[in-house]
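Peer 1: Just passing along the structure, written as structure tokens.
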Amino acid sequence: MNKGFVLSFSAVLLIIVLVMFAVFYSGKNIREEQNILGMYSIEKAGFVADDIESDFNRLLETSVDVNKGVSFTELRFRDKLPADINKMQLIDLKNFIDGNYSVQQNASINLDINKLIDGNTELRFSNNLQYDYNYGVVNSVFFRNYLGDTNIISYVIDININDTSIAVIPWTWNPAGDINVTLRFTDYNVSNKVSYTGILESGVENIYQWNYSGIAGDSFYIRVGGLETNKKALQIINSIDDPNSVAVIDFNALMPTSSGNLIWYYDADLNYVQSDVSVNRKIELGRA
């Protein structure tokens with residue numbers, strides 16, 4: 001009788017242990033699956049944000065490269081004045097992302113692009129530099145520090161225009177200045193071609209102007225130096241009357257390297273929510 005009791009008790013104890021192990025491993029598998037799903041949701045949010053940022057960059061067209069060295073950092077911008085694409089198509093992109101794309105991703109996605117659809121797209125840097133593309137009546141780009149001094153040491157500016165200038169008004173190079181500028185300009189009039197490296201005074205406005213007719217304002221301008229409240233700034237303006245006249249611009253700006261990451265982004269807000277994962281950030285283009 002005692003032997004039978006011992007066998008029965010051992011069998012019951014074994015079953016209890018097996019049930020406990022089954023419950024433990026079942027819970028462990030559920031927890032692991034939840035962790036995997038949580039990690040996937042976080043990764044997916046990052047992929048979605050990257051996808052949207054890529055669409056922004058293709059639509060707004062501005063190309064930015066940053067080469068960050070130990071002592072100096074070089075920024076390179078490539079663009080067109082006017083742009084190939086109507087930048088107001090940002091509204092169509094926003095409507096698609098807020099609507100169709102959100103449904104496809106089974107997430108809540110909202111874009112705030114109000115600061116980019118007012119005739120000016122602002123591309124900002126974490127060190128307060130800013131690249132503004134004005135796509136209003138006059139097309140222009142304005143590279144500046146919105147707090148004052150860009151701290152740029154030198155500019156290398158390349159411009160090519162598919163039109164024929166009839167006159168040119170150069171700025172005055174100043175060997176006693178404090179900012180180095182290399183200017184290379186070409187259009188269909190080889191007589192007005194420029195390829196020169198010199199020095200300018202950064203605290204004053206220096207204007208190089210090409211006229212394309214005798215009509216006032218039918219011109220192309222490059223402004224370097226003290227512009228409005230900005231020092232060592234650069235503005236490039238295409239006010240040529242012919243809408244088919246396109247200026248391809250490419251300029252490098254060299255500045256001392258500062259500590260920490262340099263981040264550049266469009267001044268628009270991306271808000272993404274899916275389950276318990278949320279992303280709230282600017283439309284980031286890169287970091288160095």
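Each chain of the structure tokens is named A, B, ... in the order shown, its residues numbered from 1; ligands are numbered from 1 in display order.
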Taking the backbone alone, and naming residues the way the document does, which bits of segment 67-248 of chain A are strand (DSSP E) by DSSP, as a ChimeraX atom specification?

Peer 2: /A:67-68,72-81,108-112,120-125,129-135,139-145,154-161,167-169,179-186,194-200,205-211,219-227,230-238,247-248

Peer 1: Just want the 12 Å neighbourhood of Asp51 of chain A, counted on only C-alpha atoms, with same-chain residues fewer than 2 positions away dropped. Output as a list in words.

Peer 2: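 So the residues in contact are Lys44, Ala45, Gly46, Phe47, Val48, Ala49, Glu53, Ser54, Asp55, Phe56, Asn57, Arg58, Ile97, Tyr101, Gln105, Leu270, Ile283, Glu284 and Leu285 of chain A.
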
Peer 1: Atoms to include: C-alpha atoms. Write the selected residues as a PDB file, in the first residue's frame.

Peer 2:
ATOM      1  CA  LYS A  44       9.717  49.710 -39.150  1.00  0.00           C
ATOM      2  CA  ALA A  45       9.149  53.222 -37.807  1.00  0.00           C
ATOM      3  CA  GLY A  46      12.739  54.061 -38.732  1.00  0.00           C
ATOM      4  CA  PHE A  47      12.340  52.590 -42.228  1.00  0.00           C
ATOM      5  CA  VAL A  48       9.108  54.528 -42.811  1.00  0.00           C
ATOM      6  CA  ALA A  49      10.728  57.785 -41.678  1.00  0.00           C
ATOM      7  CA  GLU A  53      12.705  61.708 -46.001  1.00  0.00           C
ATOM      8  CA  SER A  54      13.971  60.217 -49.269  1.00  0.00           C
ATOM      9  CA  ASP A  55      10.761  61.334 -51.037  1.00  0.00           C
ATOM     10  CA  PHE A  56      11.223  64.856 -49.648  1.00  0.00           C
ATOM     11  CA  ASN A  57      14.778  65.013 -50.914  1.00  0.00           C
ATOM     12  CA  ARG A  58      13.823  63.880 -54.422  1.00  0.00           C
ATOM     13  CA  ILE A  97       1.449  60.194 -46.861  1.00  0.00           C
ATOM     14  CA  TYR A 101       0.606  55.682 -47.149  1.00  0.00           C
ATOM     15  CA  GLN A 105       1.613  51.021 -43.111  1.00  0.00           C
ATOM     16  CA  LEU A 270       7.095  64.042 -39.062  1.00  0.00           C
ATOM     17  CA  ILE A 283      12.793  65.617 -41.929  1.00  0.00           C
ATOM     18  CA  GLU A 284      16.415  64.701 -41.453  1.00  0.00           C
ATOM     19  CA  LEU A 285      18.690  64.466 -44.488  1.00  0.00           C
TER      20      LEU A 285
END

Peer 1: If I take atom CA of Gly226 of chain A and atom CA of Leu147 of chain A, how far is one from the other in Å, to one decimal?

Peer 2: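 Atom CA of Leu147 of chain A lies at a distance of 13.0 Å from atom CA of Gly226 of chain A.
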
Peer 1: Mind giving me the straight-line distance from atom CA of Arg281 of chain A to atom CA of Asn120 of chain A in Å, one decimal?

Peer 2: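 Between these atoms lies a distance of 20.1 Å.
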
Peer 1: Please provide the set of residues having any atom within 9 Å of segment 185-202 of chain A, restricted to only C-alpha atoms, with same-chain residues fewer than 5 positions apart removed, written as a PyMOL selection string.

Peer 2: chain A and resi 154+156-168+171-180+210+224-226+231-233

Peer 1: Quick one: of A:Ser140, A:Ser278, A:Asn67, A:Ser258, who's nearest to Gln235 of chain A, counting only C-alpha atoms?

Peer 2: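 Checking each of A:Ser140, A:Ser278, A:Asn67, A:Ser258 against Gln235 of chain A, counting only C-alpha atoms, the winner is A:Ser140.
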
Peer 1: Pick the closest to Asp112 of chain A from A:Ala288, A:Asp276, A:Asp267, A:Ile236: which is it, counting only C-alpha atoms?

Peer 2: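 Ranking A:Ala288, A:Asp276, A:Asp267, A:Ile236 by distance to Asp112 of chain A, first place goes to A:Asp267.
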
Peer 1: If you measure from atom CA of Asp84 of chain A to atom CA of Ser102 of chain A, what distance in Å do you get, rounded to one decimal?

Peer 2: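 Going from atom CA of Asp84 of chain A over to atom CA of Ser102 of chain A, I get 27.9 Å.
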
Peer 1: Ranking A:Tyr208, A:Phe125, A:Phe251, A:Phe96 by minimum distance to Tyr265 of chain A and counting only C-alpha atoms, which one comes first?

Peer 2: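 Nearest to Tyr265 of chain A: A:Phe125.
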
Peer 1: For Asn211 of chain A, work out the shell of residues within 10 Å, counting only C-alpha atoms and skipping chain neighbours fewer than 2 positions away, then give it as a PyMOL selection string.

Peer 2: chain A and resi 164-169+209+213-221+239-240

Peer 1: Find the residues around Tyr146 of chain A up to 10 Å (only C-alpha atoms counted), leave out those fewer than 3 positions away in its own chain, and share them as a PDB file with N, CA and C atoms, in the first residue's frame.

Peer 2:
ATOM      1  N   ARG A 124      17.875  73.399 -42.577  1.00  0.00           N
ATOM      2  CA  ARG A 124      18.630  73.888 -41.422  1.00  0.00           C
ATOM      3  C   ARG A 124      19.718  72.909 -40.996  1.00  0.00           C
ATOM      4  N   ASN A 128      23.117  76.138 -36.553  1.00  0.00           N
ATOM      5  CA  ASN A 128      22.390  77.381 -36.868  1.00  0.00           C
ATOM      6  C   ASN A 128      22.582  77.878 -38.304  1.00  0.00           C
ATOM      7  N   LEU A 129      23.321  77.158 -39.134  1.00  0.00           N
ATOM      8  CA  LEU A 129      23.373  77.508 -40.545  1.00  0.00           C
ATOM      9  C   LEU A 129      22.042  77.166 -41.190  1.00  0.00           C
ATOM     10  N   GLN A 130      21.725  77.869 -42.263  1.00  0.00           N
ATOM     11  CA  GLN A 130      20.443  77.651 -42.931  1.00  0.00           C
ATOM     12  C   GLN A 130      20.583  77.919 -44.427  1.00  0.00           C
ATOM     13  N   TYR A 131      19.933  77.059 -45.225  1.00  0.00           N
ATOM     14  CA  TYR A 131      19.916  77.199 -46.682  1.00  0.00           C
ATOM     15  C   TYR A 131      18.454  77.370 -47.091  1.00  0.00           C
ATOM     16  N   PHE A 143      22.256  81.272 -48.278  1.00  0.00           N
ATOM     17  CA  PHE A 143      22.988  80.494 -47.289  1.00  0.00           C
ATOM     18  C   PHE A 143      23.477  81.447 -46.209  1.00  0.00           C
ATOM     19  N   ASP A 149      26.725  85.258 -37.828  1.00  0.00           N
ATOM     20  CA  ASP A 149      27.944  84.989 -38.586  1.00  0.00           C
ATOM     21  C   ASP A 149      28.016  83.516 -38.972  1.00  0.00           C
ATOM     22  N   THR A 150      28.222  83.241 -40.277  1.00  0.00           N
ATOM     23  CA  THR A 150      28.324  81.851 -40.727  1.00  0.00           C
ATOM     24  C   THR A 150      29.656  81.210 -40.345  1.00  0.00           C
ATOM     25  N   THR A 229      21.195  90.923 -41.772  1.00  0.00           N
ATOM     26  CA  THR A 229      21.860  90.843 -40.462  1.00  0.00           C
ATOM     27  C   THR A 229      22.883  89.714 -40.423  1.00  0.00           C
ATOM     28  N   ASN A 230      23.223  89.178 -41.585  1.00  0.00           N
ATOM     29  CA  ASN A 230      24.115  88.019 -41.652  1.00  0.00           C
ATOM     30  C   ASN A 230      25.489  88.404 -42.171  1.00  0.00           C
ATOM     31  N   LYS A 231      26.519  87.822 -41.583  1.00  0.00           N
ATOM     32  CA  LYS A 231      27.890  88.071 -42.009  1.00  0.00           C
ATOM     33  C   LYS A 231      28.456  86.818 -42.676  1.00  0.00           C
ATOM     34  N   ALA A 233      27.710  85.639 -45.532  1.00  0.00           N
ATOM     35  CA  ALA A 233      26.595  84.909 -46.127  1.00  0.00           C
ATOM     36  C   ALA A 233      26.740  84.880 -47.644  1.00  0.00           C
TER      37      ALA A 233
END

Peer 1: Calculated over only C-alpha atoms, which of the candidates A:Asp65, A:Asp50, A:Asp92, A:Glu74 has the smallest distance to Pro256 of chain A?

Peer 2: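 Of A:Asp65, A:Asp50, A:Asp92, A:Glu74, the one nearest Pro256 of chain A, counting only C-alpha atoms, is A:Glu74.
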
Peer 1: Please provide as a PyMOL selection string all residues within 9 Å of Leu116 of chain A, with the sequence filter that same-chain residues fewer than 5 positions apart are discarded (counting only C-alpha atoms).

Peer 2: chain A and resi 87-88+90+121-122+266-268

Peer 1: Here is a test: counting only C-alpha atoms, which residue of A:Leu111, A:Asp242, A:Glu61, A:Gly119 is nearest to Lys94 of chain A?

Peer 2: A:Leu111

Peer 1: Using DSSP on the backbone coordinates, identify all residues within segment 62-282 of chain A classified as helix (DSSP H, G or I); present the result as a list in words.

Peer 2: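 Reading the DSSP output for segment 62-282 of chain A, helix (DSSP H, G or I) covers Lys87, Met88, Gln89, Leu90, Ile91, Asp92, Leu93, Lys94, Asn95, Phe96, Ile97, Asp98, Gly99, Asn100, Tyr101, Ser102, Val103, Gln104, Gln105, Asn114, Lys115, Leu116, Val190, Ser191 and Asn192 of chain A.
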
Peer 1: Generate a file of the selected residues that holds C-alpha atoms, formatted as a tab-separated table (two decimals), in the first residue's frame.

Peer 2:
chain	number	residue	atom	x	y	z
A	87	LYS	CA	7.94	72.58	-54.95
A	88	MET	CA	4.26	73.10	-54.11
A	89	GLN	CA	3.87	69.41	-54.95
A	90	LEU	CA	4.84	69.00	-51.30
A	91	ILE	CA	1.12	69.40	-50.60
A	92	ASP	CA	0.34	66.36	-52.80
A	93	LEU	CA	3.08	64.39	-51.05
A	94	LYS	CA	1.67	65.31	-47.64
A	95	ASN	CA	-1.87	64.28	-48.65
A	96	PHE	CA	-0.60	60.95	-49.98
A	97	ILE	CA	1.45	60.19	-46.86
A	98	ASP	CA	-1.24	61.30	-44.39
A	99	GLY	CA	-3.83	59.25	-46.28
A	100	ASN	CA	-2.86	56.33	-48.54
A	101	TYR	CA	0.61	55.68	-47.15
A	102	SER	CA	-0.66	55.70	-43.54
A	103	VAL	CA	-3.23	53.04	-44.42
A	104	GLN	CA	-0.62	50.91	-46.19
A	105	GLN	CA	1.61	51.02	-43.11
A	114	ASN	CA	3.54	74.64	-43.29
A	115	LYS	CA	7.01	76.21	-43.12
A	116	LEU	CA	7.93	74.76	-46.52
A	190	VAL	CA	32.02	83.74	-73.49
A	191	SER	CA	33.05	87.38	-73.08
A	192	ASN	CA	31.31	87.46	-69.68

Peer 1: Which neighbours of Met255 of chain A fall inside 7 Å, counting only C-alpha atoms, when residues of the same chain fewer than 3 positions from it are skipped, and could you give them as JSON, numbers by chain?

Peer 2: {"A": [72, 73, 74, 151, 152, 153]}
